[in-house]
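Trainee: You'll find input_10.pdb just under this line, and it carries PDB, C-alpha atoms and all ligand atoms.
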```pdb
MODEL        1
ATOM      1  CA  MET E   1      54.771  -3.552  81.592  1.00  0.00           C
ATOM      2  CA  SER E   2      56.989  -6.143  79.993  1.00  0.00           C
ATOM      3  CA  ASN E   3      55.788  -9.277  78.277  1.00  0.00           C
ATOM      4  CA  PRO E   4      56.482 -12.283  80.546  1.00  0.00           C
ATOM      5  CA  ALA E   5      57.750 -14.240  77.530  1.00  0.00           C
ATOM      6  CA  ILE E   6      60.575 -11.764  77.092  1.00  0.00           C
ATOM      7  CA  ASN E   7      63.619 -12.045  79.366  1.00  0.00           C
ATOM      8  CA  LYS E   8      63.038 -15.743  79.829  1.00  0.00           C
ATOM      9  CA  LYS E   9      66.163 -17.798  79.883  1.00  0.00           C
ATOM     10  CA  CYS E  10      66.836 -21.307  78.705  1.00  0.00           C
ATOM     11  CA  ASP E  11      66.496 -23.950  81.438  1.00  0.00           C
ATOM     12  CA  LEU E  12      69.676 -25.627  80.181  1.00  0.00           C
ATOM     13  CA  CYS E  13      71.946 -22.650  79.679  1.00  0.00           C
ATOM     14  CA  GLU E  14      71.915 -18.885  80.189  1.00  0.00           C
ATOM     15  CA  LYS E  15      70.850 -17.925  76.678  1.00  0.00           C
ATOM     16  CA  LYS E  16      67.656 -16.138  75.795  1.00  0.00           C
ATOM     17  CA  ALA E  17      64.769 -18.573  75.426  1.00  0.00           C
ATOM     18  CA  ILE E  18      63.000 -18.798  72.073  1.00  0.00           C
ATOM     19  CA  GLY E  19      60.174 -20.993  73.257  1.00  0.00           C
ATOM     20  CA  MET E  20      58.735 -23.558  75.574  1.00  0.00           C
ATOM     21  CA  GLN E  21      58.352 -27.263  74.974  1.00  0.00           C
ATOM     22  CA  ILE E  22      56.436 -29.869  76.905  1.00  0.00           C
ATOM     23  CA  LEU E  23      57.539 -33.418  76.191  1.00  0.00           C
ATOM     24  CA  GLY E  24      55.255 -35.753  78.069  1.00  0.00           C
ATOM     25  CA  CYS E  25      55.339 -34.393  81.610  1.00  0.00           C
ATOM     26  CA  VAL E  26      58.595 -32.461  81.235  1.00  0.00           C
ATOM     27  CA  GLN E  27      58.338 -28.754  80.572  1.00  0.00           C
ATOM     28  CA  GLN E  28      61.400 -26.873  79.380  1.00  0.00           C
ATOM     29  CA  THR E  29      62.050 -23.293  78.441  1.00  0.00           C
ATOM     30  CA  VAL E  30      64.686 -23.485  75.748  1.00  0.00           C
ATOM     31  CA  CYS E  31      67.017 -21.376  73.628  1.00  0.00           C
ATOM     32  CA  GLU E  32      67.697 -21.821  69.919  1.00  0.00           C
ATOM     33  CA  GLU E  33      70.403 -24.353  70.678  1.00  0.00           C
ATOM     34  CA  HIS E  34      68.387 -26.582  72.976  1.00  0.00           C
ATOM     35  CA  ALA E  35      65.010 -26.390  71.237  1.00  0.00           C
ATOM     36  CA  GLU E  36      63.648 -29.274  69.206  1.00  0.00           C
ATOM     37  CA  LYS E  37      63.822 -28.788  65.430  1.00  0.00           C
ATOM     38  CA  ILE E  38      60.057 -28.538  65.252  1.00  0.00           C
ATOM     39  CA  LEU E  39      60.119 -25.597  67.662  1.00  0.00           C
ATOM     40  CA  ILE E  40      62.841 -23.773  65.737  1.00  0.00           C
ATOM     41  CA  ALA E  41      60.826 -24.184  62.539  1.00  0.00           C
ATOM     42  CA  MET E  42      57.747 -22.587  64.066  1.00  0.00           C
ATOM     43  CA  LYS E  43      56.815 -18.954  63.594  1.00  0.00           C
ATOM     44  CA  PRO E  44      57.000 -16.491  66.500  1.00  0.00           C
ATOM     45  CA  GLY E  45      53.810 -16.655  68.536  1.00  0.00           C
ATOM     46  CA  GLU E  46      52.844 -20.037  67.109  1.00  0.00           C
ATOM     47  CA  SER E  47      51.944 -23.014  69.265  1.00  0.00           C
ATOM     48  CA  LYS E  48      51.656 -26.641  68.268  1.00  0.00           C
ATOM     49  CA  ASN E  49      50.191 -29.704  69.894  1.00  0.00           C
ATOM     50  CA  CYS E  50      51.568 -33.053  68.708  1.00  0.00           C
ATOM     51  CA  GLY E  51      50.073 -35.803  70.829  1.00  0.00           C
ATOM     52  CA  ALA E  52      52.110 -35.940  74.044  1.00  0.00           C
ATOM     53  CA  CYS E  53      54.194 -32.940  73.023  1.00  0.00           C
ATOM     54  CA  TYR E  54      53.308 -29.292  73.094  1.00  0.00           C
ATOM     55  CA  TYR E  55      55.395 -26.453  71.721  1.00  0.00           C
ATOM     56  CA  VAL E  56      55.098 -22.697  72.096  1.00  0.00           C
ATOM     57  CA  ARG E  57      57.330 -20.325  70.174  1.00  0.00           C
ATOM     58  CA  TYR E  58      57.891 -16.965  71.834  1.00  0.00           C
ATOM     59  CA  GLU E  59      57.675 -13.764  69.841  1.00  0.00           C
TER      60      GLU E  59
HETATM   61 ZN    ZN E 101      70.013 -23.405  75.971  1.00  0.00          ZN
ENDMDL
END
```
Represent the structure from my file as structure tokens, please.

Mentor:
Amino acid sequence: MSNPAINKKCDLCEKKAIGMQILGCVQQTVCEEHAEKILIAMKPGESKNCGACYYVRYE
């Protein structure tokens, strides 16, 4: 079976998603281009909680 994190697409464009970010109450699945810098800097599989924001980097 495939990993659900794979094949996910960016919510803002059609590119492959590299992670998920939750900013307040807004959740977005984002590609490299649309991800926050903090998310891009994270290692694959890492997740980070910064107050109101939560980031998950896909593998
Ligand atoms: Zn995108």

Trainee: Pull out every residue that the PyMOL selection byres (((chain E and resi 21) around 8) and not hetatm) matches in the shown coordinates and put them as a PyMOL selection string.

Mentor: chain E and resi 19-20+22-23+27-30+35+39+53-56

Trainee: What is the distance between atom CA of Lys9 of chain E and atom ZN of ligand ZN 101 (chain E), in Å to one decimal?

Mentor: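 Separation of atom CA of Lys9 of chain E and atom ZN of ligand ZN 101 (chain E): 7.8 Å.
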
Trainee: Name the residues, using the chain letters and numbers of the file, that sit within 7 Å of (55.3, -14.9, 67.2) when counting only C-alpha atoms, and give them as a compact mmCIF listing (two decimals) with C-alpha atoms, keeping the file's coordinate frame.

Mentor:
```txt
# COMPACT_ATOMS: atom_id res chain seq x y z
CA LYS E 43 56.82 -18.95 63.59
CA PRO E 44 57.00 -16.49 66.50
CA GLY E 45 53.81 -16.66 68.54
CA GLU E 46 52.84 -20.04 67.11
CA ARG E 57 57.33 -20.32 70.17
CA TYR E 58 57.89 -16.96 71.83
CA GLU E 59 57.68 -13.76 69.84
```

Trainee: 6 Å from ligand ZN 101 (chain E) is the threshold here; counting only C-alpha atoms and all ligand atoms, which polymer residues fall inside it? Answer as a PyMOL selection string.

Mentor: chain E and resi 10+12-13+15+30-31+33-34

Trainee: Interatomic distance between atom CA of Glu32 of chain E and atom CA of Ala52 of chain E?

Mentor: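 Taking atom CA of Glu32 of chain E and atom CA of Ala52 of chain E, their separation equals 21.4 Å.
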
Trainee: Padding of 6 Å on every side, edges along x, y and z, all listed atoms of segment 20-33 of chain E included: what centre and edge lengths in Å, to one decimal, does that box have, as JSON?

Mentor:
```
{"center_x": 62.8, "center_y": -28.6, "center_z": 75.8, "size_x": 27.1, "size_y": 26.4, "size_z": 23.7}
```
